[in-house]
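K.L.:
Shown below is the structure under consideration.
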Amino acid sequence: MGDVVLNITVSVDGFATGPDEDLSKLHRWIFSDDPADTEVAAEFAAEPGAYVMGMGMFRAGQEPWGDEPPFPWPVFVLSHEAREPLVKPPATYTFVTDGVESAVRQAGAAAGERDVWVIGGVDVCRQALRAGLVDELRLHVAHMLLGDGMPLWATLKETVELEPVRTAQTAGVTHLAFRVPK
């Protein structure tokens, strides 16, 4: 397995969703024509071999993603309810009921030598970081103060030292990448 990469967008004040769990303002950069934004957005399909997400993100995305979701690799969805895998080519959604460690392990097996990307929601990202599963943090900081929403770091109880890897800034977002030392 490659690295486990936590990949998420936040506002300058640390919110990973806006009020009413709105993501539209935060994710404008994904649809930007800026070459740096386009390059970072292209990594979403090119680098990982599998994704891990929570049920909230899965439910919120089902309608906008439609019959052709943006996931070209297997997706492992943390859930409290067991259910059969959902196939929406090119993605297959496998529902994992026994925790983030199991979801990352299963995603790693599916990804082979490629990376596993933990992409949200907030609780899943926090769980992966607290469990020491994350090798790299890719934080896309949207140039805005939301003032309300779901804070990404609210329940982090310990200091996590980070080693900078990359920084790219565009008009609407600063892309940051850090290694998470073990």
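Note on naming: chains are A, B, ... as they come in the structure tokens, residues start from 1 per chain, ligands start from 1 in the order shown.
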Could you build a table of the residues in range 111-182 of chain A lying no more than 12 Å from range 69-87 of chain A, giving for each the nearest pair of atoms and their separation in Å rounded to one decimal place, using only C-alpha atoms, ordered by chain and ascending residue number, as CSV?

P.N.:
```
residue,atom,partner,partner_atom,distance
A:Ala111,CA,A:Pro74,CA,8.0
A:Gly112,CA,A:Trp73,CA,11.3
A:Arg114,CA,A:Trp73,CA,10.5
A:Asp115,CA,A:Trp73,CA,10.9
A:Val116,CA,A:Val75,CA,9.6
A:Trp117,CA,A:Val75,CA,9.4
A:Val118,CA,A:Phe76,CA,9.4
A:Ile119,CA,A:Val75,CA,10.1
A:Gly120,CA,A:Val77,CA,9.8
A:Gly121,CA,A:Leu78,CA,10.1
A:Asp123,CA,A:Leu78,CA,10.2
A:Val124,CA,A:Leu78,CA,7.8
A:Cys125,CA,A:Leu78,CA,11.2
A:Gln127,CA,A:Leu78,CA,10.9
A:Ala128,CA,A:Leu78,CA,11.5
```

K.L.:
Generate a file of the selected residues that holds N, CA and C atoms, formatted as a short mmCIF file (atom, residue, chain, number, x, y, z; two decimals), in the first residue's frame.

P.N.:
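Dumped to again.cif:
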```
data_model
loop_
_atom_site.label_atom_id
_atom_site.label_comp_id
_atom_site.auth_asym_id
_atom_site.auth_seq_id
_atom_site.Cartn_x
_atom_site.Cartn_y
_atom_site.Cartn_z
N ALA A 111 -6.18 -0.74 -3.08
CA ALA A 111 -5.33 0.24 -3.76
C ALA A 111 -4.02 -0.35 -4.25
N GLY A 112 -3.62 -1.47 -3.71
CA GLY A 112 -2.34 -2.06 -4.09
C GLY A 112 -1.20 -1.13 -3.68
N ARG A 114 -0.82 1.93 -4.69
CA ARG A 114 -1.26 3.32 -4.76
C ARG A 114 -1.69 3.82 -3.38
N ASP A 115 -1.90 5.14 -3.28
CA ASP A 115 -2.31 5.75 -2.02
C ASP A 115 -3.77 5.49 -1.72
N VAL A 116 -4.11 5.60 -0.44
CA VAL A 116 -5.49 5.62 0.04
C VAL A 116 -5.77 7.05 0.46
N TRP A 117 -6.84 7.63 -0.05
CA TRP A 117 -7.20 9.00 0.31
C TRP A 117 -8.41 8.99 1.23
N VAL A 118 -8.26 9.59 2.39
CA VAL A 118 -9.36 9.83 3.32
C VAL A 118 -9.89 11.22 2.95
N ILE A 119 -11.14 11.28 2.48
CA ILE A 119 -11.62 12.52 1.87
C ILE A 119 -12.80 13.17 2.59
N GLY A 120 -13.23 12.63 3.69
CA GLY A 120 -14.30 13.28 4.43
C GLY A 120 -15.37 12.28 4.82
N GLY A 121 -16.25 12.71 5.57
CA GLY A 121 -16.44 14.00 6.19
C GLY A 121 -15.49 14.23 7.34
N ASP A 123 -15.71 13.97 10.62
CA ASP A 123 -15.52 12.97 11.67
C ASP A 123 -14.57 11.86 11.22
N VAL A 124 -14.71 11.41 9.99
CA VAL A 124 -13.82 10.36 9.47
C VAL A 124 -12.38 10.87 9.42
N CYS A 125 -12.19 12.11 9.00
CA CYS A 125 -10.84 12.69 8.95
C CYS A 125 -10.24 12.77 10.35
N GLN A 127 -11.04 10.90 12.93
CA GLN A 127 -10.77 9.53 13.40
C GLN A 127 -9.46 9.00 12.82
N ALA A 128 -9.24 9.22 11.54
CA ALA A 128 -8.03 8.72 10.89
C ALA A 128 -6.78 9.38 11.47
#
```

K.L.:
Could you list, as a PyMOL selection string, every residue within 6 Å of range 167-178 of chain A, counting only C-alpha atoms and ignoring same-chain residues fewer than 3 positions away?

P.N.:
chain A and resi 136-143+162-164

K.L.:
Next, the residues of the selection above should be written as a PDB file, in the first residue's frame with N, CA, C and O atoms.

P.N.:
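Below is the file selection.pdb, written as the result:
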```pdb
ATOM      1  N   GLU A 136       0.128  11.667   5.210  1.00  0.00           N
ATOM      2  CA  GLU A 136       0.231  12.984   4.597  1.00  0.00           C
ATOM      3  C   GLU A 136      -1.098  13.709   4.751  1.00  0.00           C
ATOM      4  O   GLU A 136      -2.163  13.114   4.617  1.00  0.00           O
ATOM      5  N   LEU A 137      -1.018  15.000   5.054  1.00  0.00           N
ATOM      6  CA  LEU A 137      -2.190  15.855   5.164  1.00  0.00           C
ATOM      7  C   LEU A 137      -2.149  16.854   4.015  1.00  0.00           C
ATOM      8  O   LEU A 137      -1.174  17.589   3.856  1.00  0.00           O
ATOM      9  N   ARG A 138      -3.181  16.835   3.177  1.00  0.00           N
ATOM     10  CA  ARG A 138      -3.326  17.826   2.111  1.00  0.00           C
ATOM     11  C   ARG A 138      -4.515  18.690   2.482  1.00  0.00           C
ATOM     12  O   ARG A 138      -5.657  18.241   2.487  1.00  0.00           O
ATOM     13  N   LEU A 139      -4.194  19.917   2.796  1.00  0.00           N
ATOM     14  CA  LEU A 139      -5.183  20.866   3.283  1.00  0.00           C
ATOM     15  C   LEU A 139      -5.334  21.970   2.247  1.00  0.00           C
ATOM     16  O   LEU A 139      -4.354  22.605   1.864  1.00  0.00           O
ATOM     17  N   HIS A 140      -6.544  22.176   1.786  1.00  0.00           N
ATOM     18  CA  HIS A 140      -6.847  23.215   0.807  1.00  0.00           C
ATOM     19  C   HIS A 140      -7.585  24.304   1.575  1.00  0.00           C
ATOM     20  O   HIS A 140      -8.731  24.109   1.984  1.00  0.00           O
ATOM     21  N   VAL A 141      -6.903  25.428   1.815  1.00  0.00           N
ATOM     22  CA  VAL A 141      -7.455  26.487   2.649  1.00  0.00           C
ATOM     23  C   VAL A 141      -8.104  27.547   1.750  1.00  0.00           C
ATOM     24  O   VAL A 141      -7.411  28.302   1.067  1.00  0.00           O
ATOM     25  N   ALA A 142      -9.445  27.543   1.742  1.00  0.00           N
ATOM     26  CA  ALA A 142     -10.195  28.518   0.949  1.00  0.00           C
ATOM     27  C   ALA A 142     -10.061  29.886   1.601  1.00  0.00           C
ATOM     28  O   ALA A 142     -10.166  30.017   2.823  1.00  0.00           O
ATOM     29  N   HIS A 143      -9.838  30.890   0.801  1.00  0.00           N
ATOM     30  CA  HIS A 143      -9.589  32.245   1.291  1.00  0.00           C
ATOM     31  C   HIS A 143     -10.896  32.910   1.708  1.00  0.00           C
ATOM     32  O   HIS A 143     -11.398  33.810   1.030  1.00  0.00           O
ATOM     33  N   LEU A 162       3.933  18.630  11.990  1.00  0.00           N
ATOM     34  CA  LEU A 162       3.838  18.394  10.561  1.00  0.00           C
ATOM     35  C   LEU A 162       5.104  18.864   9.859  1.00  0.00           C
ATOM     36  O   LEU A 162       5.708  19.852  10.265  1.00  0.00           O
ATOM     37  N   GLU A 163       5.476  18.156   8.795  1.00  0.00           N
ATOM     38  CA  GLU A 163       6.631  18.541   7.977  1.00  0.00           C
ATOM     39  C   GLU A 163       6.125  19.039   6.632  1.00  0.00           C
ATOM     40  O   GLU A 163       5.483  18.288   5.889  1.00  0.00           O
ATOM     41  N   PRO A 164       6.379  20.316   6.290  1.00  0.00           N
ATOM     42  CA  PRO A 164       5.869  20.843   5.020  1.00  0.00           C
ATOM     43  C   PRO A 164       6.454  20.120   3.812  1.00  0.00           C
ATOM     44  O   PRO A 164       7.635  19.786   3.787  1.00  0.00           O
TER      45      PRO A 164
END
```

K.L.:
If you run DSSP over the backbone, which residues in range 3-165 of chain A end up strand (DSSP E)? Put them as a ChimeraX atom specification.

P.N.:
/A:4-11,15-17,48-54,75-78,86-88,91-96,115-120,136-142,150-151,163-165

K.L.:
Skip Val134 in chain A itself and residues of its chain fewer than 3 positions away, then list as a list in words all residues within 6 Å of it, counting only C-alpha atoms.

P.N.:
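Result of the neighbour search: Val4, Val5 and Leu129 of chain A.
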
K.L.:
DSSP says alpha helix (DSSP H) for which residues of chain A? Put them as a PyMOL selection string?

P.N.:
chain A and resi 35-46+55-65+100-111+122-130

K.L.:
Smallest atom-to-atom distance to Val12 in chain A: which of A:Gly61, A:Gly147, A:Pro48, A:Gly108, using only C-alpha atoms?

P.N.:
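Checking each candidate against Val12 in chain A, we get A:Gly147 as the closest.
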
K.L.:
Could you state the separation of CA of Met150 in chain A and CA of Asp67 in chain A in Å, given to one decimal place?

P.N.:
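So the answer is 28.0 Å.
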